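Single-structure report; data block below.
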Protein chains: 2
Amino acid sequence: MTWPVADGVLELGDLEVERGGVIRDARLAWQSHGTLNAARDNLVLYPCSFSARHQDLSWLIGPDGVLDPTRWFVVIPDMFSNGLSSSASQLDAYPDVVTPADNVRAQYRLVTEHFGVEVLAAAYGFSMGAQQAYHWAALHPDQVERAVVVCGSARTARHNLVMLSGLLRTLEAAPEHLGRGRFSAEPAAALRAFSHLYAGWALSQDFYREELDRSALGHRDLEAFLHTDWETAFAHQRAADLHAQMVTWSAADISGGGDLAASLRGIRARVLLMPSQTDLYFRVADNAAELPHLRSAELRPIPSVWGHRAGNPRANPADQAFLRNNVREWLEG
Amino acid sequence: MTWPVADGVLELGDLEVERGGVIRDARLAWQSHGTLNAARDNLVLYPCSFSARHQDLSWLIGPDGVLDPTRWFVVIPDMFSNGLSSSASQLDAYPDVVTPADNVRAQYRLVTEHFGVEVLAAAYGFSMGAQQAYHWAALHPDQVERAVVVCGSARTARHNLVMLSGLLRTLEAAPEHLGRGRFSAEPAAALRAFSHLYAGWALSQDFYREELDRSALGHRDLEAFLHTDWETAFAHQRAADLHAQMVTWSAADISGGGDLAASLRGIRARVLLMPSQTDLYFRVADNAAELPHLRSAELRPIPSVWGHRAGNPRANPADQAFLRNNVREWLEG
C-alpha cells in the first residue's frame, strides 16, 4: 500500500534566534505523508531526533505503523543543523545557540503559513523530537491537541547536560576544531570516539548483558557492533552539525530558564509520556516529576532493555508493538 | 589516635605479564596501616581503584573507619600504572596489556615474600580494586578468607567495555597520541573531555537530579562542579597511565576468558558483594548473576543515589556508615 508523500523546503528569510544571532536565508526542509483533510485538523507534526533526517524517521509511518498516513497528515520538519534544514556545517556564520524553541518558531510558520493549519492534531516526537513536541505544547497551548513524548523531557536534565558536555568537549578536543563548534575538516578520530561513547549511552547495560547486539542485531561481537552500527553511522555525520544539535539539546527547556512547573501547568494538550524503562539519559523519573504538573497526561514507560533506543524501535518488534498500540490509542482519544 | 603507617617499594625484577611483554625492573609500591600480628593472620589487602594512589584510599582506615588498623594490618598495594608502582608514563616500553591477574601476581609476592603471610584475612577493594580482590579469591582460593567487593565485578561487563572503549578512543583521538597508549605530551583538551565524560558515568542521574553537587558538595553550579571536581582532578593525571589502567580494567576476568561460573564456584572465600543501587557501570545485576555460583556470599547493595561513588563515600556520611557497618560485621564473621 502506498500513500502520498511530498517534500519541500520553506524559505524563511533571515531568521533571528532567541539567544542572539541570525540564520541567514534560513531554510526549513520537510516531508509529508498522507493528505491534509478538508477540516485541516489531521496534521501530526513529527520533529526530528538527534542526528536524524526525515528519511531516518519515516519508517514508523504506515497504515499499520505507529502513525497512519491514511488517517493523519504526518509532517516531518527537519531540525536545524540536521544537514537538510539550515545547518552549521553549511554556513559561514551560524548562531552559537539555536534552541528547540527556535526550531518550533520556524515549524510554526510551516504549519500555519504553508499548510494553513491552526491546530495540530498532535505533536509526536522521539528524543530531541519529543523535546520539540513538548515545546510546541508549551509555546502554543491552544494549538496542540495532543503531544506524544517518547524518550524526551520538558527540560534537559542536569545529568543529561553532563553527558552532553562530555560529548561536546570530545568534539572540541579534536585538532580540527577551530572554536565555537566549527571545524577545519571532519575530525575522524574524534568522531570515532564519539560513536563509541554514544553506544554506551544509547543502549542499556541490560541490552549488552543480554547480548542483544548479537542475538537481535546479528553482530559477531562487540567490536563488529561498534564498528558497523556506530562508527560507520557517525563517520557520515558532520561534526559541526552534531555539535550544533547538541547545543540545541542542552538548551531544551519549555520554560526558557523559568518556572518549569508553571510552564507544564500551561499546557492544554493531552500529553502521553513514553520514556523507556532503561533509558540512561531521558529517565522515567524526569517524566514522573513532570506528570503532576500536567492537566491531562499519562505516563506509560516502555518495558524494554533497549535503553534510549526503545523509543525508535526499528529493529525491535516488541517495543514497536507497544509504541504503536499506545500511540494509536492516544491519537484516537 | 594514631597507628603505625609504613610504606615501601618492592623490587620485582623483570616481570613477565600474561598477555606478553615485560615490565623491566618492576616496582610495586605499597603502604601499610597497623601491625601484623604474631599469628600473621590479620592482613587485609586493599588494592587500588582507577586513577587512585594509596594516599587517595587511606581515608577509610581508622579505628572508627571501615577498616580498623588497630585490629587489621591493612596493606594498600599500588596498581601498575597508577604513577607509584611501575607505570606506562615512566617507561620506554610497557606491555600493551597488564591484567588484574598480573597485578595480583605482583601483590602475591609482596604478601608472601615481603610480609611472610600465607593467608589474607580479607581482600577488600572498590571498583578496579574490587576486581583485584575478586581475582585474589579466584586465583588463590585457599589463601583468602574473605573478599569484600565494593562496586566491582568478577569480569568487566560488556556494557562497561563499551564505556571504556569510548573513553580509550577519546584519549587516542588526541593529536598527542603516538599510538598504543603513548603520548608525546599530556593531551590537555582530551583530558578535559575525559573528565566531563567520567562525571557523567561516575555519579547517577538521581544524584544530579537531586542537585547533590550543590547541596552535598557545595558547588555553585554544574560548571563549577565539572571544573573543580573533575577537570582539575584529571588534569593532574598522566594520559598514558589512565590509558594503561583502562586496558587493565577492560581485561578484568577471573576466568581469564574461560568459564566464569566455574571460576566463581572455585572461590572459597566468604564474599560480600556491595554494589551501589545506582552505579551506572558496576551494576547490581552483574553481582546478582555471580551470586548463585559463589559458595558463601551475600549481596548487600548500597542504597544510595551516589552512583559508583557510593562505594568510595568520602564526602557522603550515610553511605560511609552503611559501608562501615557491613564491612566491619563481615570481617568479624
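For the C-alpha cells, the naming scheme is as follows: chains receive sequential letters (A, B, ...) according to their order of presentation, residues are indexed from 1 within each chain, and ligands are indexed from 1 in presentation order.
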| field | Exercise: region 32-34 of chain A partners within 8 Å, only C-alpha atoms, chain neighbours under 6 positions left out, as an NGL selection string | value | :A and (3-7 or 61 or 69-76)
For the residues selected in the previous step, produce a file with C-alpha atoms as a PDB file, in the first residue's frame.
ATOM      1  CA  TRP A   3       0.153   6.926   0.319  1.00  0.00           C
ATOM      2  CA  PRO A   4       1.002  10.426  -0.858  1.00  0.00           C
ATOM      3  CA  VAL A   5       4.484  11.564   0.112  1.00  0.00           C
ATOM      4  CA  ALA A   6       5.734  15.058  -0.575  1.00  0.00           C
ATOM      5  CA  ASP A   7       8.681  17.118   0.444  1.00  0.00           C
ATOM      6  CA  ILE A  61       4.692   5.765   9.228  1.00  0.00           C
ATOM      7  CA  PRO A  69      -0.872   8.223   6.873  1.00  0.00           C
ATOM      8  CA  THR A  70      -4.344   7.229   5.701  1.00  0.00           C
ATOM      9  CA  ARG A  71      -5.747   8.829   8.847  1.00  0.00           C
ATOM     10  CA  TRP A  72      -3.195  11.566   9.610  1.00  0.00           C
ATOM     11  CA  PHE A  73      -1.293  14.109   7.593  1.00  0.00           C
ATOM     12  CA  VAL A  74       2.153  13.487   9.060  1.00  0.00           C
ATOM     13  CA  VAL A  75       4.707  16.258   8.575  1.00  0.00           C
ATOM     14  CA  ILE A  76       8.355  15.759   9.495  1.00  0.00           C
TER      15      ILE A  76
END
| field | Contact residues (chain A, partner chain B, 10 Å, only C-alpha atoms) as a ChimeraX atom specification | value | /A:157-176,187-201,203-211,222-223,226,280-283,285-286
| task | Please run DSSP on the backbone and report, as a ChimeraX atom specification, all residues within region 65-224 of chain A that come out as alpha helix (DSSP H). | result | /A:100-109,128-139,158-172,188-202,205-209,212-215,222-224
Write a file of the selected residues as a PDB file, in the first residue's frame, keeping C-alpha atoms.
ATOM      1  CA  PRO A 100      14.290  23.941  20.377  1.00  0.00           C
ATOM      2  CA  ALA A 101      12.019  26.987  20.631  1.00  0.00           C
ATOM      3  CA  ASP A 102      13.770  28.490  17.587  1.00  0.00           C
ATOM      4  CA  ASN A 103      13.014  25.283  15.708  1.00  0.00           C
ATOM      5  CA  VAL A 104       9.408  25.448  16.846  1.00  0.00           C
ATOM      6  CA  ARG A 105       9.108  29.058  15.661  1.00  0.00           C
ATOM      7  CA  ALA A 106      10.252  28.017  12.199  1.00  0.00           C
ATOM      8  CA  GLN A 107       7.966  24.978  12.215  1.00  0.00           C
ATOM      9  CA  TYR A 108       5.064  27.196  13.280  1.00  0.00           C
ATOM     10  CA  ARG A 109       5.409  29.101  10.014  1.00  0.00           C
ATOM     11  CA  MET A 128      15.111  15.705  20.775  1.00  0.00           C
ATOM     12  CA  GLY A 129      11.982  15.390  18.639  1.00  0.00           C
ATOM     13  CA  ALA A 130       9.999  14.772  21.821  1.00  0.00           C
ATOM     14  CA  GLN A 131      11.540  17.872  23.319  1.00  0.00           C
ATOM     15  CA  GLN A 132      10.364  19.885  20.309  1.00  0.00           C
ATOM     16  CA  ALA A 133       6.883  18.347  20.646  1.00  0.00           C
ATOM     17  CA  TYR A 134       6.890  19.419  24.309  1.00  0.00           C
ATOM     18  CA  HIS A 135       7.922  22.939  23.301  1.00  0.00           C
ATOM     19  CA  TRP A 136       5.063  23.064  20.801  1.00  0.00           C
ATOM     20  CA  ALA A 137       2.571  22.172  23.522  1.00  0.00           C
ATOM     21  CA  ALA A 138       4.009  24.758  25.893  1.00  0.00           C
ATOM     22  CA  LEU A 139       4.502  27.612  23.420  1.00  0.00           C
ATOM     23  CA  ARG A 158      21.199  18.020  34.706  1.00  0.00           C
ATOM     24  CA  HIS A 159      22.735  14.572  34.272  1.00  0.00           C
ATOM     25  CA  ASN A 160      21.964  14.743  30.576  1.00  0.00           C
ATOM     26  CA  LEU A 161      23.732  18.123  30.462  1.00  0.00           C
ATOM     27  CA  VAL A 162      26.828  16.468  31.919  1.00  0.00           C
ATOM     28  CA  MET A 163      26.678  13.681  29.359  1.00  0.00           C
ATOM     29  CA  LEU A 164      26.316  16.271  26.582  1.00  0.00           C
ATOM     30  CA  SER A 165      29.180  18.315  27.987  1.00  0.00           C
ATOM     31  CA  GLY A 166      31.414  15.249  27.737  1.00  0.00           C
ATOM     32  CA  LEU A 167      30.364  14.643  24.143  1.00  0.00           C
ATOM     33  CA  LEU A 168      30.738  18.314  23.185  1.00  0.00           C
ATOM     34  CA  ARG A 169      34.188  18.526  24.786  1.00  0.00           C
ATOM     35  CA  THR A 170      35.168  15.349  22.887  1.00  0.00           C
ATOM     36  CA  LEU A 171      34.444  17.018  19.539  1.00  0.00           C
ATOM     37  CA  GLU A 172      36.061  20.265  20.702  1.00  0.00           C
ATOM     38  CA  ALA A 188      37.705  11.365  12.062  1.00  0.00           C
ATOM     39  CA  ALA A 189      39.327  10.191  15.295  1.00  0.00           C
ATOM     40  CA  ALA A 190      37.094  12.338  17.479  1.00  0.00           C
ATOM     41  CA  LEU A 191      34.013  11.106  15.607  1.00  0.00           C
ATOM     42  CA  ARG A 192      35.146   7.536  16.190  1.00  0.00           C
ATOM     43  CA  ALA A 193      35.480   8.202  19.925  1.00  0.00           C
ATOM     44  CA  PHE A 194      32.124   9.973  19.845  1.00  0.00           C
ATOM     45  CA  SER A 195      30.466   6.953  18.249  1.00  0.00           C
ATOM     46  CA  HIS A 196      31.740   4.553  20.908  1.00  0.00           C
ATOM     47  CA  LEU A 197      30.729   6.934  23.670  1.00  0.00           C
ATOM     48  CA  TYR A 198      27.273   7.202  22.175  1.00  0.00           C
ATOM     49  CA  ALA A 199      26.952   3.420  22.005  1.00  0.00           C
ATOM     50  CA  GLY A 200      27.473   3.366  25.763  1.00  0.00           C
ATOM     51  CA  TRP A 201      24.691   5.852  26.381  1.00  0.00           C
ATOM     52  CA  ALA A 202      22.072   4.933  23.799  1.00  0.00           C
ATOM     53  CA  GLN A 205      23.518  -2.129  30.445  1.00  0.00           C
ATOM     54  CA  ASP A 206      20.867  -4.853  30.286  1.00  0.00           C
ATOM     55  CA  PHE A 207      20.865  -4.731  26.472  1.00  0.00           C
ATOM     56  CA  TYR A 208      24.566  -5.520  26.469  1.00  0.00           C
ATOM     57  CA  ARG A 209      24.316  -8.106  29.266  1.00  0.00           C
ATOM     58  CA  LEU A 212      21.156  -8.268  22.007  1.00  0.00           C
ATOM     59  CA  ASP A 213      23.838  -6.759  19.781  1.00  0.00           C
ATOM     60  CA  ARG A 214      24.411 -10.386  18.770  1.00  0.00           C
ATOM     61  CA  SER A 215      21.056 -12.104  19.040  1.00  0.00           C
ATOM     62  CA  LEU A 222      31.086  -6.019  20.376  1.00  0.00           C
ATOM     63  CA  GLU A 223      33.857  -4.791  18.080  1.00  0.00           C
ATOM     64  CA  ALA A 224      31.777  -5.551  14.997  1.00  0.00           C
TER      65      ALA A 224
END
| task | Write out as an MDAnalysis selection string all residues of region 96-184 of chain B that backbone DSSP assigns to strand (DSSP E). | result | chainID B and resid 122:126 146:150 177:179 182:183
| query | Rounded to one decimal in Å, what is the spacing between CA of Ala262 (chain B) and CA of Pro141 (chain B)? | reply |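 Interatomic distance, CA of Ala262 (chain B) to CA of Pro141 (chain B): 12.7 Å.
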| Which distance in Å separates CA of Val148 (chain B) and CA of Met274 (chain B), to one decimal? |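 CA of Met274 (chain B) lies at a distance of 7.5 Å from CA of Val148 (chain B).
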| task | Find the residues around Leu331 (chain B) up to 8 Å (only C-alpha atoms counted), leave out those fewer than 4 positions away in its own chain, and share them as JSON, numbers by chain. | result | {"B": [121, 122, 146, 327]}
| Any idea what the distance is between CA of Val119 (chain A) and CA of Val144 (chain A)? | 5.7 Å
